[in-house]
Amino acid sequence: MGQTIAQKIFAAHLRDEPFPGTKVLSLDAVFCHEITTPIAIDDLKARGKDRVFDASKIKAVIDHVTPAKDSKTAMQGKILRDWARQHQIKDFFDIGNNGVCHAIFPEKGFVRPGYTIIMGDSHTCTHGAFGAFAAGVGTTDLEVGILKGVCAFREPKTFRINVSGTLPVGVYAKDIILDIIRRITVNGATDMVVEFGGTVVAGLSMESRMTLCNMAVEAGATSGICAPDMVTVEYLWPFIKSEYASKQAALEAFTKWLPDTDAAYEKTLDVDASTLQPMCTDQFKPDCVVPIAELGDRRVDQIYIGSCTNGRIEDLRQAASILKGRKLADHVRGIVSPATPDIFKQANKEGIIDIFMEAGFCVTNPTCGACLGMSNGVLAEGEVCASTTNRNFNGRMGKGGMVHLMSPASAAASAVTGYLTDPRKLLAESVN
Amino acid sequence: MKTFGGPVLFLDRDDINTDEIIPAKYLTELTKEALKPYILEDLKLPGFDQKGEATKQARVIVTRKNFGCGSSREHAPWVFEVNDITAVIAEGYARIFRQNMFNGGMLAIELPKADIDAIFAYASVAGSALAIDIDSKKMCVSGGGKETVIDFTLSPFDEALVRAGGWVEYADAKY
């Protein structure tokens with residue numbers, strides 16, 4: 001029987017199998033941010049184990065609350081900063097150079113097909129877009145990763161999801177993943193790796209693949225994963241060109257991580273993209289998903305465009321295509337957070353920042369920002385946000401607030417009308 | 001090794017998430033102890049009082065499917081630990097939450113729906129309690145003059161973590 005991508009990566013990284021079904025893997029990278037890592041650092045110190053397994057494989061960023069908002073977040077940043085300096089972790093990104101972890105680490109070329117990666121952040125599954133096994137873990141797993149370069153997982157089962165057909169205009173990767181979560185529910189992929197494939201996925205950009213993999217955890221998945229191909233090679237080429245004679249040679253090397261044609265999948269799901277519409281969450285679970293057109297009477301107070309799900313240049317372009325020449329509705333406030341400094345610069349160069357500002361948006365520095373309600377952009381009791389983020393849990397963006405998850409195009413359309421809005425209505429007007 | 005068992009806090013809902021267990025705004029705290037007052041602060045559930053006696057006295061949580069979904073924050077198990085709740089019994093868990101419990105030397109026991117229903121039958125019984133014996137892999141829920149004994153399983157790895165007092169010491173000794 002053939003192997004899935006995850007099974008191949010597990011086999012290549014198996015360090016130990018202390019009990020049947022428990023796989024201890026060697027890690028290629030351990031990513032850190034300032035919310036979950038400082039307690040790990042303090043605990044390692046308290047245990048007399050203030051060591052790192054390999055400083056070159058540890059990457060760190062301050063991203064959740066930056067610049068610091070109070071003395072406590074200032075101390076979290078300081079602990080991470082001092083530790084990175086002490087252990088000579090050279091890939092450390094601080095104010096001025098920092099961005100959302102799951103956007104900046106791929107952008108710096110830290111992810112490769114076949115890699116094993118952990119981070120103390122549930123959306124670490126984003127990096128599976130490159131054909132890596134990347135999993136979110138808690139602080140204790142992070143500590144052991146930092147100390148020993150290993151992490152334990154159960155034998156991976158794989159959920160294969162094929163997306164075929166043609167994606168209609170106005171429908172994006174975010175709509176695909178929201179629809180998938182609707183179908184399989186918030187624990188439909190628990191203890192599984194979701195392997196995304198099919199003709200539509202093959203035609204998606206790396207940014208869109210990251211959006212798909214980012215939300216795999218919202219269906220309970222350990223990770224999302226996409227097969228590496230020429231799109232992956234093109235994205236990584238600036239970082240790997242000294243290692244391969246040509247892009248073709250890199251592509252051939254990456255084929256070792258493709259799933260076998262007779263791979264054994266625990267489950268499969270086929271999605272016909274041609275049938276999809278712009279989607280949106282309702283209520284407080286990411287699987288409560290409906291076509292946004294069905295919620296058209298729902299008034300919004302805030303628009304948030306950003307986060308590890310949809311704060312990339314492709315997302316900002318998507319929103320700007322709708323916002324160009326338009327203004328925020330009178331009762332609405334808009335916030336956009338480009339996910340990294342390079343994305344900010346690129347958006348500025350393309351005139352996208354101007355479009356947002358002329359529409360009336362507040363443009364913030366790169367940060368996780370409003371997504372998890374611990375930094376800027378917190379909602380007041382009873383307020384509603386149209387958001388490109390990944391979670392709509394009760395209280396997520398502020399106590400008593402309601403978050404509707406959607407694509408950047410849908411968020412931009414809702415910004416203009418002040419109500420949850422199908423972006424195709426405005427896209428059609430833009431063409432006319 | 002930690003001790004397990006005692007008064008039960010019944011949380012009768014699927015998909016209770018980590019933001020409900022400990023809201024993100026408290027993730028700026030630098031010690032586990034500082035989290036103590038904020039346990040389950042954003043959980044809205046009929047009959048559940050975050051500041052009530054049942055929450056204060058609880059040593060075990062019994063709940064339904066997909067408990068602990070959402071964030072990777074280990075603050076979720078920690079807020080239970082500093083409130084002396086060292087065991088959760090559910091129909092199922094989100095992977096990261098379950099691993100975080102065992103990594104900290106605590107229990108996240110999974111039971112079939114019928115067994116969970118049998119424990120929930122004690123939800124309205126004042127003073128109901130649950131004893132957990134890892135050696136025999138049996139738990140006993142009791143209250144109102146009745147008791148029910150239920151078998152459970154633990155994966156050998158999870159049990160080894162609990163007996164070792166958590167993953168850091170286990171891994172540093174072995175790898």
# chains A, B, ... in the order shown; residues from 1 in each chain; ligands from 1
$ residues_around --residues "range 91-103 of chain B" --least-positions-apart "4" --cutoff "6 Å" --atoms "only C-alpha atoms" --output "list in words"
Val137 and Gly138 of chain A; Arg64, Lys65, Asn66, Phe67, Gly68, Cys69, Ser72, Pro77, Leu107, Ala108, Glu110, Leu111, Pro112, Lys113, Asp158, Gly166 and Trp167 of chain B
$ interface_residues --of "chain A" --to "chain B" --cutoff "7 Å" --atoms "only C-alpha atoms" --output "PyMOL selection string"
chain A and resi 19+22+35-36+39+72-73+120-122+136-140+144+148+187+190-191+218+220+372-374+393+395-396
$ residues_around --residues "Ser205 in chain A" --least-positions-apart "4" --cutoff "12 Å" --atoms "only C-alpha atoms" --output "JSON, numbers by chain"
{"A": [129, 130, 172, 173, 200, 201, 209, 210, 211, 212, 226, 228, 229, 230, 231, 232, 233, 234, 235, 312, 313, 314, 315]}
$ residues_around --residues "Met139 in chain B" --least-positions-apart "3" --cutoff "6 Å" --atoms "only C-alpha atoms" --output "PyMOL selection string"
chain B and resi 131-132+149-150
$ atom_distance --atom1 "CA of Asp282 in chain A" --atom2 "CA of Arg424 in chain A"
19.6 Å
$ closest_residue --among "A:Val384, A:Met279, A:Ala74, A:Val336" --to "Leu178 in chain A" --atoms "only C-alpha atoms"
A:Met279
$ select_by_dssp --residues "range 12-170 of chain B" --states "strand (DSSP E or B)" --output "MDAnalysis selection string"
chainID B and resid 17 60:63 67 69 87:90 93 107:110 129:133 138:143 146:151
$ residues_around --residues "Gly334 in chain A" --least-positions-apart "5" --cutoff "10 Å" --atoms "only C-alpha atoms" --output "PyMOL selection string"
chain A and resi 301-305+328-329+356-357+359-363+377+385-386+411-412+415-416
$ residues_around --residues "Ser124 in chain B" --least-positions-apart "5" --cutoff "10 Å" --atoms "only C-alpha atoms" --output "list in words"
Phe10, Gly143 and Gly144 of chain B
$ closest_residue --among "A:Gly418, A:Gly351, A:Gly99, A:Gly311" --to "Ser208 in chain A" --atoms "only C-alpha atoms"
A:Gly311
$ decode --residues "range 136-155 of chain A" --atoms "N, CA, C and O atoms" --output "compact mmCIF listing (two decimals), in the first residue's frame"
# COMPACT_ATOMS: atom_id res chain seq x y z
N GLY A 136 0.56 22.93 15.05
CA GLY A 136 0.48 23.76 16.24
C GLY A 136 0.58 22.90 17.48
O GLY A 136 0.05 21.79 17.51
N VAL A 137 1.29 23.39 18.49
CA VAL A 137 1.47 22.65 19.73
C VAL A 137 1.36 23.61 20.91
O VAL A 137 1.41 24.82 20.74
N GLY A 138 1.27 23.03 22.10
CA GLY A 138 1.25 23.85 23.31
C GLY A 138 2.66 24.22 23.76
O GLY A 138 3.65 23.87 23.10
N THR A 139 2.73 24.90 24.89
CA THR A 139 4.01 25.40 25.37
C THR A 139 4.96 24.28 25.79
O THR A 139 6.17 24.38 25.59
N THR A 140 4.43 23.18 26.33
CA THR A 140 5.31 22.08 26.75
C THR A 140 5.95 21.40 25.54
O THR A 140 7.16 21.13 25.55
N ASP A 141 5.16 21.13 24.50
CA ASP A 141 5.76 20.58 23.27
C ASP A 141 6.78 21.55 22.70
O ASP A 141 7.83 21.14 22.17
N LEU A 142 6.47 22.83 22.77
CA LEU A 142 7.40 23.85 22.27
C LEU A 142 8.71 23.79 23.06
O LEU A 142 9.81 23.83 22.47
N GLU A 143 8.61 23.67 24.38
CA GLU A 143 9.80 23.58 25.24
C GLU A 143 10.68 22.41 24.82
O GLU A 143 11.90 22.54 24.72
N VAL A 144 10.05 21.26 24.63
CA VAL A 144 10.81 20.07 24.26
C VAL A 144 11.40 20.25 22.85
O VAL A 144 12.53 19.83 22.58
N GLY A 145 10.64 20.90 21.97
CA GLY A 145 11.16 21.20 20.63
C GLY A 145 12.40 22.07 20.69
O GLY A 145 13.41 21.79 20.03
N ILE A 146 12.34 23.11 21.52
CA ILE A 146 13.48 24.03 21.69
C ILE A 146 14.68 23.30 22.29
O ILE A 146 15.82 23.46 21.87
N LEU A 147 14.40 22.44 23.25
CA LEU A 147 15.45 21.77 24.02
C LEU A 147 16.08 20.60 23.28
O LEU A 147 17.28 20.40 23.29
N LYS A 148 15.22 19.83 22.58
CA LYS A 148 15.68 18.55 22.03
C LYS A 148 15.48 18.40 20.53
O LYS A 148 15.95 17.44 19.93
N GLY A 149 14.69 19.29 19.92
CA GLY A 149 14.46 19.16 18.48
C GLY A 149 13.60 17.99 18.10
O GLY A 149 13.71 17.45 16.99
N VAL A 150 12.71 17.58 19.02
CA VAL A 150 11.79 16.47 18.73
C VAL A 150 10.37 16.84 19.16
O VAL A 150 10.17 17.72 19.98
N CYS A 151 9.41 16.12 18.57
CA CYS A 151 8.02 16.24 19.02
C CYS A 151 7.33 14.90 18.77
O CYS A 151 7.64 14.21 17.79
N ALA A 152 6.40 14.55 19.65
CA ALA A 152 5.69 13.27 19.52
C ALA A 152 4.30 13.48 18.90
O ALA A 152 3.60 14.43 19.24
N PHE A 153 3.95 12.58 17.99
CA PHE A 153 2.62 12.61 17.36
C PHE A 153 2.10 11.19 17.25
O PHE A 153 2.87 10.25 17.20
N ARG A 154 0.78 11.07 17.16
CA ARG A 154 0.21 9.77 16.82
C ARG A 154 0.43 9.52 15.34
O ARG A 154 0.56 10.46 14.57
N GLU A 155 0.45 8.26 14.96
CA GLU A 155 0.53 7.87 13.55
C GLU A 155 -0.50 8.66 12.74
O GLU A 155 -1.68 8.68 13.09
